[in-house]
Structure formats: C-alpha cells, structure tokens
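Trainee: Here it is, the structure, as structure tokens.
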Protein chains: 2
Amino acid sequence: MNTRQEVLDFVKNGHTRFLPHLSIDCVIFGYHAHQLKILLIRHHGHEKWSLPGGYIARDETLTQAAHRILAEKTQITDLFLQQFYVFGDSVVRMSRIETQQTHNTTFAKVGVTLGDNHWLSERTLSIGYYALVDYLDVVVTPEFLVDGFCWLEIKEIPPLEYDHNEIIAKALATLRSQIYQQPIGYSLLPEKFTLPEIHALYETILGKQFDRRNFRKKLLTLGLIRQLDEQKRIGPHRSPFLYEFDLENYRKALEEGSVLAF
Amino acid sequence: MNTRQEVLDFVKNGHTRFLPHLSIDCVIFGYHAHQLKILLIRHHGHEKWSLPGGYIARDETLTQAAHRILAEKTQITDLFLQQFYVFGDSVVRMSRIETQQTHNTTFAKVGVTLGDNHWLSERTLSIGYYALVDYLDVVVTPEFLVDGFCWLEIKEIPPLEYDHNEIIAKALATLRSQIYQQPIGYSLLPEKFTLPEIHALYETILGKQFDRRNFRKKLLTLGLIRQLDEQKRIGPHRSPFLYEFDLENYRKALEEGSVLAF
C-alpha cells in the first residue's frame, strides 16, 4: 500500500480480499563479515520496531502471500523464504486488544479508527517465514505506512511490537538447527573464499565457537567444499588457501539433507 | 462431538466458537518392534481415510486446540504434540469445493447440507502437529462422526482425504530430521533395552540401514545411553548386554539439542 487511498480501501474492503485471523511475519536474517542482523521496520506513529508482516489474500497460496508481503513492505523480492512456525499461544495472540490498538496507531496517519467488530481488530495468529541473505545485497524501500527500517544485530534487538521477539528467537533456533542439516554460504560468501571466512560465517550464525580444523575436515568429507590450488594474499606472512563450493554436492545436500556435527 | 445434537449445534453455531479458515491435523506416529505406523480415521460416509483434525476455538491457544482436537476425535490425551508446518499451498487448500463436499458427506449422518456461504465451506489452511508413541500404549475411541480407525504402516498408506498424504510426508521428513538433533526412545523402548532394539528403532524411523557399532559409539559418546553390567537371555548362544538411558543427559539433549550423525 503506497498511497492514502490504498490504505483507506484496505481498511474498508480488506475483508473481501484477505483471510481474517491469520497473518504472516518475515524474519530476514542478514549476514555480512562476522555480523548477523535482522531487518526491522517501524510503522507510522510507533515507538517500537516490528517485523515486516501482512495478511494472506483469499486467492493466493501461503507461499505467494509471504513473498508478496515482504515485497510490499520492503520491495525485497526473490528471497528463499522458509516457513518455520505458527504463533498462536501467547497472550497477544489470544487477545484482540493489542492488535486493535497497534493498528489504530498506524492508521491514524490516514485518520481511521477501527471498531471492535472490524476484521483487523480480531485475534490474529501469525505464520513465521525466514530467509538468510547478505544484507549488502538487499535494497529496502519501505511502504507508505512504514516510517523507517534498520538492520539490527541480534544482541541489540530491543523489545518489539506484539510477540515479535519470540518470533525472532524461534526463527534463530530454526536457522541454527537447519545449519546442521543443510549447507549455507553459497550466496553469503565470495565465489572463492578462505577457511576463516566460511568458519566465521558458521560461528556467527551458530553464536558459538568451534574448532576450525575439525570443521574443515567435515566440510571436505561431505564434499561440500574443495580446496583450490590458489591462495589469497592478505599480508606478507598470511596467504591462506582459497576454497570453493562443490555446487553439485551442495545442491544435493540442500535437497537430501546432510548431517554436519561439530 | 458425541451426539447428534452436538453435531447440529456445531454446524449451526460453530462460527461463534471457532476461528474460520484454519484447522489442525494430527499425525500420530506409532512405533512398536520394528514397525512405524500412522493413526488414521474414517469419517462417516467416506471411503477414504484421513488424519484426526478439527478447528481452533476462539478462546484457546493453538497448543490447547491441538490437544483438545486429538482427544475429541480419538480420546488420546497427554501426548507430546509438536507443530511442524502450515499447509496452505495445494489446490485443495486453495479451493472451498472439496472442503464443502467432504463435510457434506460426513454431516449427511445428521441430515445436514452446508450452504456455499457456511463457515465450514470456506477455504481452510491446516496446521500440522505430530507425536510419536508406542501404539500398544494408546487406546483409541473414535467420536460420533468417525466410523473407524486404524494404524497403518507408512508404506501401506493409500490415497487419503484432502492433502493428508502430503501432510504425512512432511511430518515424516520432520521426524526424521528431528531424530538427528533430539534423542528419542525413552517412551518407545523398555527401561532396559539391547543395542539391537534401539538400533532397530532408529533404522525403522529413518527408513534406512546404518552401521550398528558406529551408532553405539555415537550414543555412548553423547552420553545418552550407558551399558549395564547385565545381559538379556535370548537363547543359549545369544545374551546381548542391556543398556539404559542416562536420563539427565537425555533431558539435557532434549532441551539443548545434540547432533547425531551416522
């Protein structure tokens, strides 16, 4: 929604186009050089940040909805969004009051107040989707009702709207758990990378340190990376070997899963 | 719903008590001695089997809903139900026609036909929950609208109602993936068990064979099981050692996750 008229139309006629009671929230993890961040937006009139989210149209699939919502809120497209959980247990997911109040703060921008029986005032469960990108590759353009956006490091995230801190915690746990079974890094590292670079990627996402030599052995044993006959010049006494992904094995591991323990 | 009157009341007033557009389906895996089965039910008037499922009440959490639905359909209580996915992409999840027709077949038992605008005729997304039990420990008592139930081995499952085959496939993939990160077996094996017994449990659930000695080493290294100074008498020349779970490590691994690669 990028004009006042579109917002007014959404409030008035949205119930004919969207399913009530159900929203989607997107956790976009952004990695770059030892830092893992999350994309947050701030809706008009709000002090708290929140995740980009929205409603599911009656005539689109759940997957289509997730991509459209992210594109509408941020103009980000073509991400590999993965569904990870439905949030329907917390107090805020049981009650309509916070939902209604939060919406009313936002819609004040167009001079609208929702009634108690409005479809946007209802109890709303939310389906979480996540993606992992290099945040330098992503251009964010917030929509009309969004006043700003930011990439925040995980440990710096303040209390957010609704249960969005809980959604992020669950997304992070899922990402960390996935990392043991699906390779990552193809779009997050240069085509040729050093062992310290891929090691830092894994350590940053897992939020813990582990032995580099054992890690290298595991990746090589699984056939996910191969060492090149080429070194990177970092300094007079530092020229680590370069590696590249074995794309065939990488894709196979993505499809079939491969278990990485370290 | 266990009487005709309850069903009539559900059809007439259900929209005031339940959220529309959203159901829960339960995949109950039953393991016993080398066999992995799934609990299926058959609604009145239907040829196809389906998973036990139902709707979410407006005043209950998602977790409460999952437990209540399973209890209502089968009388099974106290299971560790885990949410695993929301199904909202397939043709049957996009259209209202199959939903309406399927309901009408069932409700014919009480002489009711749903109109096009009835809340039960709407497009319905479904949230999947799964649990893993010893099927000999479970007593199933189907409700009024359910004509029968069965435990079927995974490879014997025929085409089911809606997208329930797809839901089972996803549940099985999730269970198999979980098994690498969370211990299983505590409620599925005797208190003292042999290595072949726990090995068969893992092989059956993963649907593949793997080396028993390496498997033993992994479980011992993780501290999940310990060997007892006691043997099981199977025959004159067969008396394998008994093992038991280290419950402290087992619970810790359940909470923190532990990575098992074999």
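Ordered as shown in the structure tokens, chains take letters A, B, and onward, while each chain numbers its residues from 1 and ligands are numbered from 1 in the order shown.
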I want to know what sits within 6 Å of range 150-164 of chain B, based on only C-alpha atoms, with residues of the same chain fewer than 5 positions away left out; could you give that as number ranges by chain?

Mentor: B: 36-40, 48-50

Trainee: Would you list which chain A residues are within 12 Å of chain B using only C-alpha atoms, as a ChimeraX atom specification?

Mentor: /A:18-24,56-66,82-96,122-129,173-174,176-182,218,222,255-262

Trainee: Write out as number ranges by chain which residues come within 12 Å of Val11 in chain A when counting only C-alpha atoms, dropping same-chain ones fewer than 3 positions away.

Mentor: A: 1, 4-8, 14-18, 103-104, 106-108, 110-115, 118-121

Trainee: Pick out each residue of range 96-153 of chain A that DSSP on the backbone tags as helix (DSSP H, G or I); I need them as a PyMOL selection string.

Mentor: chain A and resi 97-110+119-121+135-137

Trainee: Please report the interatomic distance between CA of Gly45 in chain A and CA of Phe29 in chain A in Å with one decimal.

Mentor: 25.1 Å

Trainee: Would you compute the distance between CA of Thr141 in chain B and CA of Ile76 in chain B? Give it in Å to one decimal.

Mentor: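 Those two atoms sit 7.9 Å apart.
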
Trainee: Show which residues sit within 6 Å of Leu188 in chain A, as an mmCIF file with C-alpha atoms, in the first residue's frame. Count only C-alpha atoms, and ignore same-chain residues fewer than 2 positions away.

Mentor:
```
data_model
loop_
_atom_site.group_PDB
_atom_site.id
_atom_site.type_symbol
_atom_site.label_atom_id
_atom_site.label_comp_id
_atom_site.auth_asym_id
_atom_site.auth_seq_id
_atom_site.Cartn_x
_atom_site.Cartn_y
_atom_site.Cartn_z
ATOM 1 C CA ASP A 134 23.848 -10.872 2.559
ATOM 2 C CA GLY A 185 27.035 -19.911 2.408
ATOM 3 C CA TYR A 186 26.603 -20.016 -1.363
#
```

Trainee: Write out as a PyMOL selection string the residues lying within 9 Å of Leu201 in chain B, counting only C-alpha atoms and excluding same-chain residues fewer than 6 positions away.

Mentor: chain B and resi 31-36+184-185+188-189

Trainee: Please measure the separation of CA of Phe80 in chain B and CA of Leu136 in chain B, giving the value in Å to one decimal.

Mentor: 16.4 Å

Trainee: Show me, as a PDB file with all heavy atoms, in the first residue's frame, the residues that have an atom within 7 Å of Leu224 in chain A when counting only C-alpha atoms, minus same-chain residues fewer than 4 positions from it.

Mentor:
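Resulting contents of selection38.pdb:
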```pdb
ATOM      1  N   LEU A 219      33.538 -30.518   6.289  1.00  0.00           N
ATOM      2  CA  LEU A 219      33.050 -29.974   5.020  1.00  0.00           C
ATOM      3  C   LEU A 219      33.681 -30.690   3.832  1.00  0.00           C
ATOM      4  O   LEU A 219      33.031 -30.956   2.825  1.00  0.00           O
ATOM      5  CB  LEU A 219      33.333 -28.468   4.939  1.00  0.00           C
ATOM      6  CG  LEU A 219      32.505 -27.553   5.846  1.00  0.00           C
ATOM      7  CD1 LEU A 219      32.874 -26.100   5.598  1.00  0.00           C
ATOM      8  CD2 LEU A 219      31.009 -27.732   5.622  1.00  0.00           C
ATOM      9  N   LEU A 220      34.977 -31.027   3.971  1.00  0.00           N
ATOM     10  CA  LEU A 220      35.669 -31.737   2.896  1.00  0.00           C
ATOM     11  C   LEU A 220      35.155 -33.166   2.771  1.00  0.00           C
ATOM     12  O   LEU A 220      34.947 -33.669   1.669  1.00  0.00           O
ATOM     13  CB  LEU A 220      37.185 -31.722   3.138  1.00  0.00           C
ATOM     14  CG  LEU A 220      37.884 -30.371   2.926  1.00  0.00           C
ATOM     15  CD1 LEU A 220      39.324 -30.424   3.426  1.00  0.00           C
ATOM     16  CD2 LEU A 220      37.851 -29.956   1.451  1.00  0.00           C
ATOM     17  N   PHE A 245      32.719 -23.819  -3.309  1.00  0.00           N
ATOM     18  CA  PHE A 245      31.708 -24.853  -3.083  1.00  0.00           C
ATOM     19  C   PHE A 245      31.703 -25.823  -4.243  1.00  0.00           C
ATOM     20  O   PHE A 245      31.881 -25.420  -5.404  1.00  0.00           O
ATOM     21  CB  PHE A 245      30.310 -24.229  -2.949  1.00  0.00           C
ATOM     22  CG  PHE A 245      30.094 -23.531  -1.636  1.00  0.00           C
ATOM     23  CD1 PHE A 245      29.991 -22.145  -1.574  1.00  0.00           C
ATOM     24  CD2 PHE A 245      30.000 -24.261  -0.454  1.00  0.00           C
ATOM     25  CE1 PHE A 245      29.800 -21.503  -0.357  1.00  0.00           C
ATOM     26  CE2 PHE A 245      29.812 -23.623   0.759  1.00  0.00           C
ATOM     27  CZ  PHE A 245      29.716 -22.243   0.805  1.00  0.00           C
ATOM     28  N   ASP A 246      31.505 -27.106  -3.943  1.00  0.00           N
ATOM     29  CA  ASP A 246      31.195 -28.087  -4.975  1.00  0.00           C
ATOM     30  C   ASP A 246      29.692 -28.000  -5.196  1.00  0.00           C
ATOM     31  O   ASP A 246      28.904 -28.550  -4.417  1.00  0.00           O
ATOM     32  CB  ASP A 246      31.599 -29.490  -4.509  1.00  0.00           C
ATOM     33  CG  ASP A 246      31.322 -30.548  -5.563  1.00  0.00           C
ATOM     34  OD1 ASP A 246      30.264 -30.460  -6.230  1.00  0.00           O
ATOM     35  OD2 ASP A 246      32.153 -31.448  -5.725  1.00  0.00           O
ATOM     36  N   ASN A 249      27.419 -31.230  -5.213  1.00  0.00           N
ATOM     37  CA  ASN A 249      27.207 -31.794  -3.873  1.00  0.00           C
ATOM     38  C   ASN A 249      26.399 -30.853  -2.980  1.00  0.00           C
ATOM     39  O   ASN A 249      25.611 -31.295  -2.144  1.00  0.00           O
ATOM     40  CB  ASN A 249      28.556 -32.089  -3.207  1.00  0.00           C
ATOM     41  CG  ASN A 249      29.200 -33.334  -3.781  1.00  0.00           C
ATOM     42  OD1 ASN A 249      28.521 -34.159  -4.389  1.00  0.00           O
ATOM     43  ND2 ASN A 249      30.510 -33.462  -3.595  1.00  0.00           N
ATOM     44  N   TYR A 250      26.625 -29.552  -3.162  1.00  0.00           N
ATOM     45  CA  TYR A 250      25.917 -28.542  -2.373  1.00  0.00           C
ATOM     46  C   TYR A 250      24.404 -28.647  -2.627  1.00  0.00           C
ATOM     47  O   TYR A 250      23.606 -28.698  -1.693  1.00  0.00           O
ATOM     48  CB  TYR A 250      26.433 -27.162  -2.760  1.00  0.00           C
ATOM     49  CG  TYR A 250      25.980 -26.008  -1.883  1.00  0.00           C
ATOM     50  CD1 TYR A 250      26.768 -25.565  -0.826  1.00  0.00           C
ATOM     51  CD2 TYR A 250      24.786 -25.341  -2.134  1.00  0.00           C
ATOM     52  CE1 TYR A 250      26.372 -24.488  -0.046  1.00  0.00           C
ATOM     53  CE2 TYR A 250      24.377 -24.270  -1.359  1.00  0.00           C
ATOM     54  CZ  TYR A 250      25.180 -23.839  -0.307  1.00  0.00           C
ATOM     55  OH  TYR A 250      24.785 -22.784   0.470  1.00  0.00           O
TER      56      TYR A 250
END
```

Trainee: For Tyr130 in chain B, which residue out of B:Gly53, B:Gly223, B:Gly235, B:Pro240 is the nearest one, using only C-alpha atoms?

Mentor: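 Looking only at the distances to Tyr130 in chain B, the closest residue turns out to be B:Gly53.
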
Trainee: Step one, run DSSP on the backbone; step two, keep only residues of range 107-194 of chain B assigned to strand (DSSP E or B); then write them as a PDB file with N, CA, C and O atoms, in the first residue's frame.

Mentor:
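Below is the file that was written, selection.pdb:
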```pdb
ATOM      1  N   LEU B 125      -6.891 -23.437   5.655  1.00  0.00           N
ATOM      2  CA  LEU B 125      -5.493 -23.810   5.799  1.00  0.00           C
ATOM      3  C   LEU B 125      -5.374 -24.739   7.002  1.00  0.00           C
ATOM      4  O   LEU B 125      -6.182 -24.663   7.927  1.00  0.00           O
ATOM      5  N   SER B 126      -4.389 -25.618   6.994  1.00  0.00           N
ATOM      6  CA  SER B 126      -4.293 -26.540   8.120  1.00  0.00           C
ATOM      7  C   SER B 126      -2.899 -26.567   8.745  1.00  0.00           C
ATOM      8  O   SER B 126      -1.889 -26.583   8.044  1.00  0.00           O
ATOM      9  N   ILE B 127      -2.886 -26.544  10.067  1.00  0.00           N
ATOM     10  CA  ILE B 127      -1.638 -26.587  10.819  1.00  0.00           C
ATOM     11  C   ILE B 127      -1.377 -28.033  11.243  1.00  0.00           C
ATOM     12  O   ILE B 127      -2.234 -28.652  11.857  1.00  0.00           O
ATOM     13  N   GLY B 128      -0.202 -28.557  10.893  1.00  0.00           N
ATOM     14  CA  GLY B 128       0.116 -29.940  11.226  1.00  0.00           C
ATOM     15  C   GLY B 128       0.821 -30.073  12.572  1.00  0.00           C
ATOM     16  O   GLY B 128       1.724 -29.299  12.881  1.00  0.00           O
ATOM     17  N   TYR B 129       0.385 -31.042  13.377  1.00  0.00           N
ATOM     18  CA  TYR B 129       1.066 -31.415  14.622  1.00  0.00           C
ATOM     19  C   TYR B 129       1.396 -32.900  14.534  1.00  0.00           C
ATOM     20  O   TYR B 129       0.641 -33.652  13.936  1.00  0.00           O
ATOM     21  N   TYR B 130       2.521 -33.307  15.126  1.00  0.00           N
ATOM     22  CA  TYR B 130       2.813 -34.731  15.154  1.00  0.00           C
ATOM     23  C   TYR B 130       3.244 -35.173  16.546  1.00  0.00           C
ATOM     24  O   TYR B 130       3.646 -34.360  17.379  1.00  0.00           O
ATOM     25  N   ALA B 131       3.113 -36.479  16.774  1.00  0.00           N
ATOM     26  CA  ALA B 131       3.604 -37.081  18.018  1.00  0.00           C
ATOM     27  C   ALA B 131       4.079 -38.481  17.692  1.00  0.00           C
ATOM     28  O   ALA B 131       3.690 -39.064  16.678  1.00  0.00           O
ATOM     29  N   LEU B 132       4.947 -39.000  18.537  1.00  0.00           N
ATOM     30  CA  LEU B 132       5.497 -40.345  18.349  1.00  0.00           C
ATOM     31  C   LEU B 132       5.224 -41.138  19.619  1.00  0.00           C
ATOM     32  O   LEU B 132       5.643 -40.742  20.703  1.00  0.00           O
ATOM     33  N   VAL B 133       4.502 -42.253  19.483  1.00  0.00           N
ATOM     34  CA  VAL B 133       4.130 -43.062  20.648  1.00  0.00           C
ATOM     35  C   VAL B 133       4.358 -44.543  20.368  1.00  0.00           C
ATOM     36  O   VAL B 133       4.582 -44.937  19.228  1.00  0.00           O
ATOM     37  N   ASP B 134       4.309 -45.330  21.406  1.00  0.00           N
ATOM     38  CA  ASP B 134       4.220 -46.775  21.243  1.00  0.00           C
ATOM     39  C   ASP B 134       2.740 -47.077  21.027  1.00  0.00           C
ATOM     40  O   ASP B 134       1.908 -46.803  21.891  1.00  0.00           O
ATOM     41  N   VAL B 146     -17.022 -40.467  13.460  1.00  0.00           N
ATOM     42  CA  VAL B 146     -15.930 -41.303  12.950  1.00  0.00           C
ATOM     43  C   VAL B 146     -16.358 -42.769  12.979  1.00  0.00           C
ATOM     44  O   VAL B 146     -16.687 -43.300  14.032  1.00  0.00           O
ATOM     45  N   ASP B 147     -16.360 -43.395  11.799  1.00  0.00           N
ATOM     46  CA  ASP B 147     -16.837 -44.772  11.709  1.00  0.00           C
ATOM     47  C   ASP B 147     -15.787 -45.801  12.101  1.00  0.00           C
ATOM     48  O   ASP B 147     -16.128 -46.921  12.465  1.00  0.00           O
ATOM     49  N   GLY B 148     -14.505 -45.424  11.981  1.00  0.00           N
ATOM     50  CA  GLY B 148     -13.490 -46.407  12.307  1.00  0.00           C
ATOM     51  C   GLY B 148     -12.120 -45.779  12.350  1.00  0.00           C
ATOM     52  O   GLY B 148     -11.940 -44.632  11.969  1.00  0.00           O
ATOM     53  N   PHE B 149     -11.158 -46.547  12.863  1.00  0.00           N
ATOM     54  CA  PHE B 149      -9.780 -46.062  12.879  1.00  0.00           C
ATOM     55  C   PHE B 149      -8.857 -47.224  12.578  1.00  0.00           C
ATOM     56  O   PHE B 149      -9.274 -48.397  12.660  1.00  0.00           O
ATOM     57  N   CYS B 150      -7.615 -46.922  12.221  1.00  0.00           N
ATOM     58  CA  CYS B 150      -6.637 -47.982  12.015  1.00  0.00           C
ATOM     59  C   CYS B 150      -5.230 -47.432  12.192  1.00  0.00           C
ATOM     60  O   CYS B 150      -5.007 -46.229  12.113  1.00  0.00           O
ATOM     61  N   TRP B 151      -4.287 -48.312  12.464  1.00  0.00           N
ATOM     62  CA  TRP B 151      -2.860 -47.971  12.450  1.00  0.00           C
ATOM     63  C   TRP B 151      -2.291 -48.608  11.201  1.00  0.00           C
ATOM     64  O   TRP B 151      -2.258 -49.828  11.081  1.00  0.00           O
ATOM     65  N   LEU B 152      -1.831 -47.799  10.260  1.00  0.00           N
ATOM     66  CA  LEU B 152      -1.301 -48.336   9.005  1.00  0.00           C
ATOM     67  C   LEU B 152       0.192 -48.085   8.902  1.00  0.00           C
ATOM     68  O   LEU B 152       0.678 -46.999   9.229  1.00  0.00           O
ATOM     69  N   GLU B 153       0.917 -49.079   8.417  1.00  0.00           N
ATOM     70  CA  GLU B 153       2.351 -48.884   8.150  1.00  0.00           C
ATOM     71  C   GLU B 153       2.510 -47.858   7.033  1.00  0.00           C
ATOM     72  O   GLU B 153       1.701 -47.798   6.102  1.00  0.00           O
ATOM     73  N   PHE B 193      17.144 -52.020  27.607  1.00  0.00           N
ATOM     74  CA  PHE B 193      16.987 -52.479  26.222  1.00  0.00           C
ATOM     75  C   PHE B 193      18.328 -52.921  25.677  1.00  0.00           C
ATOM     76  O   PHE B 193      19.387 -52.570  26.203  1.00  0.00           O
ATOM     77  N   THR B 194      18.273 -53.687  24.595  1.00  0.00           N
ATOM     78  CA  THR B 194      19.509 -54.142  23.964  1.00  0.00           C
ATOM     79  C   THR B 194      19.894 -53.166  22.850  1.00  0.00           C
ATOM     80  O   THR B 194      19.065 -52.387  22.375  1.00  0.00           O
TER      81      THR B 194
END
```
